[in-house]
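> After the structure tokens below, expect a handful of questions from me.
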Amino acid sequence: MTDQIDPAIQKATDEFRAKFRGVQAEIGKAIVGHDSIVRGVLTCLFTGGHALLEGVPGLGKTYLIRTMSEALSLKFSRVQFTPDLMPADILGTNIIVEDPDTGRRRFEFQKGPLFTQLCLADEINRATPKTQSALLEAMQEKTVTAGGQRYELEAPFFVMATQNPIEQEGTYPLPEAQLDRFFFKLVVNYSNRKELNTIVERTTTGHKAEIKPVMSGEEIVGAQRLVRRVVVAPHVQDYAIRLVLATHPQGEFATDQTNRYVRWGSSPRGAQTLVLAAKVEALLDGRYNVSFGDMAKVFLPAMRHRVLLNFEAQAEGIEPDTVLEDIVDKVPQKAEMAA
């Protein structure tokens with residue numbers, strides 16, 4: 001297939017792979033391990049989506065996006081979500097300013113920390129639903145509306161939210177409608193023995209990683225356009241559709257575990273996520289066409305926050321990943337196309 005690709009497209013694909021790996025390498029100077037997390041976060045960025053990271057405190061989630069902002073030469077802001085945080089604290093507010101020459105007063109919009117390119121929403125589930133929902137328009141439309149005025153956010157715009165799976169008392173779990181806005185949900189696990197040893201050496205000896213910018217905002221926007229041009233054959237796209245439909249209990253493609261443990265399945269946004277993420281995987285593999293394997297590889301991070309389990313699953317300690325892995329095993333890659 002490679003020799004049939006337009007040379008210009010092949011060049012763009014090779015450049016994308018080189019830049020992606022370059023960003024990974026720069027991040028790797030500061031972040032030890034968590035390669036799949038870094039890859040997942042960058043996939044979200046290059047598809048124009050947003051990432052939700054879940055993990056206990058101290059695993060480097062905040063450090064990751066700060067390092068990423070340096071490697072990508074993008075504006076960065078951090079918002080610490082707390083119960084007393086108000087929407088205006090994120091979006092901005094109108095303030096009264098006085099003209100020094102005329103003495104006349106007028107309202108002027110003071111932009112909040114959301115007016116950036118990489119925004120870290122730290123411990124997002126600690127803020128009230130009203131404040132959480134302030135992110136919805138920005139994440140979906142890339143705009144902010146305040147005081148009846150609409151403001152465009154600078155491209156690329158990326159939100160990485162974190163949440164702590166422990167200490168749930170006093171938190172406000174994200175509603176399904178907002179969870180669906182996140183492209184991936186990535187679970188950050190503990191470092192292993194070798195990684196932890198490296199972390200301790202770096203952080204207790206005065207070591208400071210020097211991160212060099214690899215990509216500009218314009219290059220990222222160009223890469224996002226390239227991703228959307230990757231070809232998906234009808235039978236491969238149909239596989240993505242069947243995977244999503246398999247999350248719907250009592251549906252045509254539902255598995256036994258889906259019928260038993262799932263209350264609600266994925267929305268159409270899940271299918272869009274699967275296809276876009278698979279396109280990134282294809283480019284990283286040097287291909288300009290998506291394979292079945294690409295779809296299966298991104299299925300868990302794309303779906304684990306879009307599947308709502310029922311009480312029986314909670315009682316038996318079943319996690320979404322268990323059901324999703326079963327779906328990948330049971331749904332055949334090739335099937336007759338719908339008429």
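Just remember, in the structure tokens the first chain shown is A, the second B, etc., residues are 1-based per chain, and ligands are 1-based in the order shown.
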Taking 2 positions as the minimum chain separation for residues in the same chain, which residues sit within 9 Å of A:Ala223 when counting only C-alpha atoms? Answer as JSON, numbers by chain.
{"A": [12, 16, 46, 47, 218, 219, 220, 221, 225, 226, 227, 228]}
> Just asking: which residues within stretch 109-328 of chain A are helix (DSSP H, G or I) according to DSSP, as number ranges by chain?
A: 124-126, 129-132, 134-141, 176-179, 193-203, 217-228, 234-245, 256-261, 268-284, 292-303, 311-315, 320-328
> Those residues with C-alpha atoms, as a CSV table (one decimal), in the first residue's frame please?

chain,number,residue,atom,x,y,z
A,124,ILE,CA,-12.1,18.4,38.5
A,125,ASN,CA,-14.5,16.3,40.6
A,126,ARG,CA,-13.9,18.6,43.6
A,129,PRO,CA,-21.5,20.8,38.9
A,130,LYS,CA,-22.1,24.5,38.1
A,131,THR,CA,-18.4,25.1,37.8
A,132,GLN,CA,-17.7,21.8,36.0
A,134,ALA,CA,-18.5,26.0,32.7
A,135,LEU,CA,-16.0,23.9,30.8
A,136,LEU,CA,-18.6,22.4,28.4
A,137,GLU,CA,-18.8,25.1,25.9
A,138,ALA,CA,-15.1,25.6,25.8
A,139,MET,CA,-14.4,21.9,25.3
A,140,GLN,CA,-17.1,21.4,22.6
A,141,GLU,CA,-17.2,24.7,20.7
A,176,GLU,CA,-22.2,11.4,31.9
A,177,ALA,CA,-22.9,14.3,29.6
A,178,GLN,CA,-19.6,15.9,30.6
A,179,LEU,CA,-17.6,12.7,30.7
A,193,ARG,CA,10.5,-0.8,40.9
A,194,LYS,CA,12.9,0.4,38.1
A,195,GLU,CA,10.9,3.5,37.3
A,196,LEU,CA,10.5,4.5,40.9
A,197,ASN,CA,14.2,4.2,41.5
A,198,THR,CA,14.8,6.6,38.5
A,199,ILE,CA,12.2,9.0,39.9
A,200,VAL,CA,13.8,9.1,43.3
A,201,GLU,CA,17.3,9.7,41.8
A,202,ARG,CA,16.1,12.5,39.6
A,203,THR,CA,14.1,14.3,42.2
A,217,GLY,CA,0.7,25.6,17.6
A,218,GLU,CA,0.5,26.0,13.8
A,219,GLU,CA,2.2,22.6,13.3
A,220,ILE,CA,-0.2,21.0,15.7
A,221,VAL,CA,-3.3,22.4,13.9
A,222,GLY,CA,-1.8,21.1,10.6
A,223,ALA,CA,-1.3,17.7,12.2
A,224,GLN,CA,-4.9,17.7,13.3
A,225,ARG,CA,-6.0,18.3,9.7
A,226,LEU,CA,-3.7,15.5,8.5
A,227,VAL,CA,-5.2,13.0,11.0
A,228,ARG,CA,-8.7,13.6,9.6
A,234,PRO,CA,-16.1,0.9,4.9
A,235,HIS,CA,-15.6,-2.6,6.4
A,236,VAL,CA,-13.1,-1.2,9.0
A,237,GLN,CA,-15.5,1.6,9.9
A,238,ASP,CA,-18.3,-0.9,10.3
A,239,TYR,CA,-16.1,-2.7,12.8
A,240,ALA,CA,-15.9,0.4,14.9
A,241,ILE,CA,-19.7,0.8,14.6
A,242,ARG,CA,-20.3,-2.7,15.8
A,243,LEU,CA,-17.9,-2.3,18.7
A,244,VAL,CA,-19.9,0.7,19.8
A,245,LEU,CA,-23.2,-1.0,19.3
A,256,ASP,CA,-23.6,-11.6,27.4
A,257,GLN,CA,-21.6,-9.4,29.7
A,258,THR,CA,-23.0,-6.2,28.2
A,259,ASN,CA,-26.6,-7.5,28.8
A,260,ARG,CA,-25.7,-8.5,32.3
A,261,TYR,CA,-23.6,-5.6,33.6
A,268,PRO,CA,-22.3,8.3,18.8
A,269,ARG,CA,-19.5,10.4,20.0
A,270,GLY,CA,-17.8,7.2,21.1
A,271,ALA,CA,-17.8,6.0,17.4
A,272,GLN,CA,-16.2,9.3,16.3
A,273,THR,CA,-13.6,8.9,19.0
A,274,LEU,CA,-12.7,5.4,17.9
A,275,VAL,CA,-12.3,6.3,14.3
A,276,LEU,CA,-10.2,9.4,15.0
A,277,ALA,CA,-7.9,7.7,17.5
A,278,ALA,CA,-7.4,4.8,15.2
A,279,LYS,CA,-6.3,7.2,12.5
A,280,VAL,CA,-3.5,8.5,14.8
A,281,GLU,CA,-2.5,4.9,15.4
A,282,ALA,CA,-2.3,4.3,11.7
A,283,LEU,CA,-0.1,7.3,11.1
A,284,LEU,CA,2.2,6.3,13.9
A,292,PHE,CA,-8.9,-3.5,12.6
A,293,GLY,CA,-6.0,-3.6,15.1
A,294,ASP,CA,-6.0,0.2,15.3
A,295,MET,CA,-9.6,0.2,16.4
A,296,ALA,CA,-9.1,-2.5,19.0
A,297,LYS,CA,-6.0,-0.8,20.4
A,298,VAL,CA,-7.9,2.4,21.3
A,299,PHE,CA,-11.2,0.9,22.3
A,300,LEU,CA,-10.6,0.8,26.1
A,301,PRO,CA,-9.5,4.5,26.7
A,302,ALA,CA,-12.2,5.7,24.2
A,303,MET,CA,-15.0,3.8,25.9
A,311,PHE,CA,-25.9,-2.2,40.3
A,312,GLU,CA,-25.1,-5.9,39.7
A,313,ALA,CA,-21.7,-5.0,38.2
A,314,GLN,CA,-20.9,-2.7,41.1
A,315,ALA,CA,-21.9,-5.4,43.6
A,320,PRO,CA,-15.8,-1.2,32.7
A,321,ASP,CA,-12.5,-2.5,31.2
A,322,THR,CA,-13.6,-6.1,32.0
A,323,VAL,CA,-16.8,-5.7,29.9
A,324,LEU,CA,-14.9,-3.8,27.1
A,325,GLU,CA,-12.2,-6.4,26.8
A,326,ASP,CA,-14.9,-9.0,26.5
A,327,ILE,CA,-16.5,-7.0,23.7
A,328,VAL,CA,-13.2,-6.8,21.8
> For stretch 110-116 of chain A, please output as number ranges by chain all residues within 6 Å (counting only C-alpha atoms; exclusion window: fewer than 5 positions along the same chain).
A: 75, 77, 90-94
> Would you write out those residues with C-alpha atoms, as a CSV table (one decimal), in the first residue's frame?

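Writing the result to selection32.csv gives the following:
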chain,number,residue,atom,x,y,z
A,75,LYS,CA,0.5,28.6,26.5
A,77,SER,CA,-2.5,27.4,32.7
A,90,ILE,CA,-12.4,30.0,35.2
A,91,LEU,CA,-14.0,31.9,32.3
A,92,GLY,CA,-13.3,35.5,33.4
A,93,THR,CA,-15.6,38.3,34.4
A,94,ASN,CA,-16.5,41.9,33.4
> Could you pull the residues within 6 Å of A:Phe158, counting only C-alpha atoms, minus those fewer than 4 positions along the same chain, as a PyMOL selection string?
chain A and resi 50+117-118
> Between atom CA of A:Thr62 and atom CA of A:Val38, what is the distance in Å, rounded to a tenth?
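Between atom CA of A:Thr62 and atom CA of A:Val38 the gap is 12.2 Å.
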> Do a neighbour search on A:Ile37 at 8 Å with only C-alpha atoms, toss out local chain neighbours closer than 6 positions, and write the hits as a VMD selection string.
chain A and resid 186 to 188
> For C-alpha atoms, I'd like the residues from the last selection saved as a compact mmCIF listing (two decimals), in the first residue's frame.

# COMPACT_ATOMS: atom_id res chain seq x y z
CA LEU A 186 -6.63 7.28 30.91
CA VAL A 187 -5.90 5.40 34.14
CA VAL A 188 -2.52 6.31 35.65
> Would you mind telling me which residue in A:Ala233, A:Val56, A:Ile166, A:Val331 lies nearest to A:Thr247 when using only C-alpha atoms?
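Of all the options, A:Val331 lies closest to A:Thr247.
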> List every residue of stretch 55-291 of chain A that DSSP, applied to the backbone of this structure, places in strand (DSSP E or B), and write the result as a CSV table (one decimal) with N, CA and C atoms, in the first residue's frame.

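As written to disk, part.csv reads:
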chain,number,residue,atom,x,y,z
A,76,PHE,N,0.2,27.7,28.8
A,76,PHE,CA,-0.3,26.7,29.8
A,76,PHE,C,-0.9,27.4,31.0
A,77,SER,N,-2.0,26.9,31.5
A,77,SER,CA,-2.5,27.4,32.7
A,77,SER,C,-3.1,26.2,33.5
A,78,ARG,N,-3.1,26.4,34.8
A,78,ARG,CA,-3.6,25.4,35.7
A,78,ARG,C,-4.7,25.9,36.6
A,79,VAL,N,-5.8,25.2,36.7
A,79,VAL,CA,-6.9,25.6,37.6
A,79,VAL,C,-7.1,24.5,38.6
A,80,GLN,N,-6.9,24.8,39.9
A,80,GLN,CA,-7.1,23.9,41.0
A,80,GLN,C,-8.6,23.9,41.3
A,92,GLY,N,-13.6,34.0,33.4
A,92,GLY,CA,-13.3,35.5,33.4
A,92,GLY,C,-14.6,36.2,33.8
A,93,THR,N,-14.4,37.5,34.0
A,93,THR,CA,-15.6,38.3,34.4
A,93,THR,C,-15.4,39.8,33.8
A,94,ASN,N,-16.5,40.5,33.8
A,94,ASN,CA,-16.5,41.9,33.4
A,94,ASN,C,-16.2,42.7,34.6
A,95,ILE,N,-15.2,43.6,34.4
A,95,ILE,CA,-14.8,44.5,35.5
A,95,ILE,C,-15.0,46.0,35.0
A,96,ILE,N,-15.2,46.9,36.0
A,96,ILE,CA,-15.3,48.3,35.6
A,96,ILE,C,-13.9,49.0,35.6
A,97,VAL,N,-13.7,49.6,34.4
A,97,VAL,CA,-12.4,50.3,34.3
A,97,VAL,C,-12.7,51.8,33.9
A,98,GLU,N,-11.8,52.6,34.4
A,98,GLU,CA,-12.0,54.1,34.1
A,98,GLU,C,-11.0,54.6,33.2
A,105,ARG,N,-16.4,55.6,32.8
A,105,ARG,CA,-16.2,54.2,33.2
A,105,ARG,C,-16.9,53.3,32.2
A,106,ARG,N,-16.3,52.1,32.0
A,106,ARG,CA,-16.9,51.1,31.1
A,106,ARG,C,-16.6,49.7,31.6
A,107,PHE,N,-17.4,48.8,31.1
A,107,PHE,CA,-17.1,47.4,31.5
A,107,PHE,C,-16.0,46.8,30.5
A,108,GLU,N,-15.1,46.1,31.1
A,108,GLU,CA,-14.1,45.4,30.3
A,108,GLU,C,-14.0,44.0,30.7
A,109,PHE,N,-13.9,43.1,29.8
A,109,PHE,CA,-13.9,41.6,30.1
A,109,PHE,C,-12.4,41.2,30.5
A,110,GLN,N,-12.3,40.7,31.7
A,110,GLN,CA,-11.0,40.2,32.2
A,110,GLN,C,-11.0,38.7,32.0
A,111,LYS,N,-10.1,38.3,31.0
A,111,LYS,CA,-10.1,36.8,30.7
A,111,LYS,C,-9.6,36.0,31.8
A,118,LEU,N,-3.2,25.0,26.6
A,118,LEU,CA,-3.2,23.8,27.4
A,118,LEU,C,-3.7,24.1,28.8
A,119,CYS,N,-4.8,23.6,29.1
A,119,CYS,CA,-5.4,23.9,30.4
A,119,CYS,C,-5.5,22.6,31.3
A,120,LEU,N,-4.9,22.7,32.4
A,120,LEU,CA,-5.0,21.6,33.4
A,120,LEU,C,-6.1,21.9,34.4
A,121,ALA,N,-7.1,21.0,34.3
A,121,ALA,CA,-8.2,21.1,35.3
A,121,ALA,C,-8.0,20.1,36.4
A,122,ASP,N,-7.2,20.5,37.4
A,122,ASP,CA,-6.7,19.6,38.4
A,122,ASP,C,-7.8,19.3,39.4
A,143,THR,N,-15.1,27.9,22.4
A,143,THR,CA,-15.4,29.3,22.6
A,143,THR,C,-15.9,29.5,24.0
A,144,VAL,N,-15.9,30.8,24.5
A,144,VAL,CA,-16.4,31.1,25.8
A,144,VAL,C,-17.4,32.3,25.6
A,145,THR,N,-18.6,32.1,26.3
A,145,THR,CA,-19.6,33.2,26.3
A,145,THR,C,-19.7,33.8,27.6
A,146,ALA,N,-19.5,35.1,27.7
A,146,ALA,CA,-19.6,35.8,29.0
A,146,ALA,C,-20.2,37.2,28.7
A,149,GLN,N,-21.3,38.1,25.3
A,149,GLN,CA,-20.3,38.2,24.2
A,149,GLN,C,-19.6,36.9,24.1
A,150,ARG,N,-19.4,36.5,22.8
A,150,ARG,CA,-18.7,35.2,22.5
A,150,ARG,C,-17.2,35.4,22.2
A,151,TYR,N,-16.4,34.7,22.8
A,151,TYR,CA,-14.9,34.8,22.6
A,151,TYR,C,-14.4,33.5,22.0
A,152,GLU,N,-13.6,33.6,21.0
A,152,GLU,CA,-12.9,32.4,20.4
A,152,GLU,C,-11.7,32.1,21.2
A,158,PHE,N,-6.7,22.6,24.4
A,158,PHE,CA,-6.7,21.2,24.9
A,158,PHE,C,-6.9,21.3,26.4
A,159,VAL,N,-7.8,20.5,26.9
A,159,VAL,CA,-8.1,20.4,28.4
A,159,VAL,C,-7.6,19.0,28.8
A,160,MET,N,-6.8,19.0,29.9
A,160,MET,CA,-6.5,17.7,30.5
A,160,MET,C,-7.0,17.8,32.0
A,161,ALA,N,-8.0,17.0,32.3
A,161,ALA,CA,-8.6,17.1,33.6
A,161,ALA,C,-8.1,15.8,34.4
A,162,THR,N,-7.9,16.0,35.7
A,162,THR,CA,-7.5,14.9,36.6
A,162,THR,C,-8.5,14.7,37.6
A,163,GLN,N,-8.7,13.5,38.1
A,163,GLN,CA,-9.5,13.2,39.2
A,163,GLN,C,-8.9,12.1,40.0
A,184,PHE,N,-10.5,10.6,25.7
A,184,PHE,CA,-10.0,9.4,26.3
A,184,PHE,C,-10.1,9.6,27.8
A,185,LYS,N,-10.3,8.5,28.5
A,185,LYS,CA,-10.1,8.4,29.9
A,185,LYS,C,-8.9,7.5,30.2
A,186,LEU,N,-7.9,8.0,30.7
A,186,LEU,CA,-6.6,7.3,30.9
A,186,LEU,C,-6.4,7.0,32.4
A,187,VAL,N,-6.1,5.8,32.7
A,187,VAL,CA,-5.9,5.4,34.1
A,187,VAL,C,-4.4,5.4,34.4
A,231,VAL,N,-7.4,7.6,5.6
A,231,VAL,CA,-8.5,6.8,5.0
A,231,VAL,C,-9.0,5.7,5.9
A,262,VAL,N,-24.2,-3.9,31.9
A,262,VAL,CA,-24.2,-2.5,31.4
A,262,VAL,C,-25.6,-1.9,31.5
A,263,ARG,N,-25.7,-0.7,32.1
A,263,ARG,CA,-27.0,0.0,32.1
A,263,ARG,C,-27.2,0.9,30.9
A,264,TRP,N,-26.1,1.7,30.5
A,264,TRP,CA,-26.2,2.5,29.4
A,264,TRP,C,-24.9,2.3,28.6
A,289,ASN,N,-3.9,4.3,6.2
A,289,ASN,CA,-5.2,3.7,6.2
A,289,ASN,C,-5.4,2.9,7.5
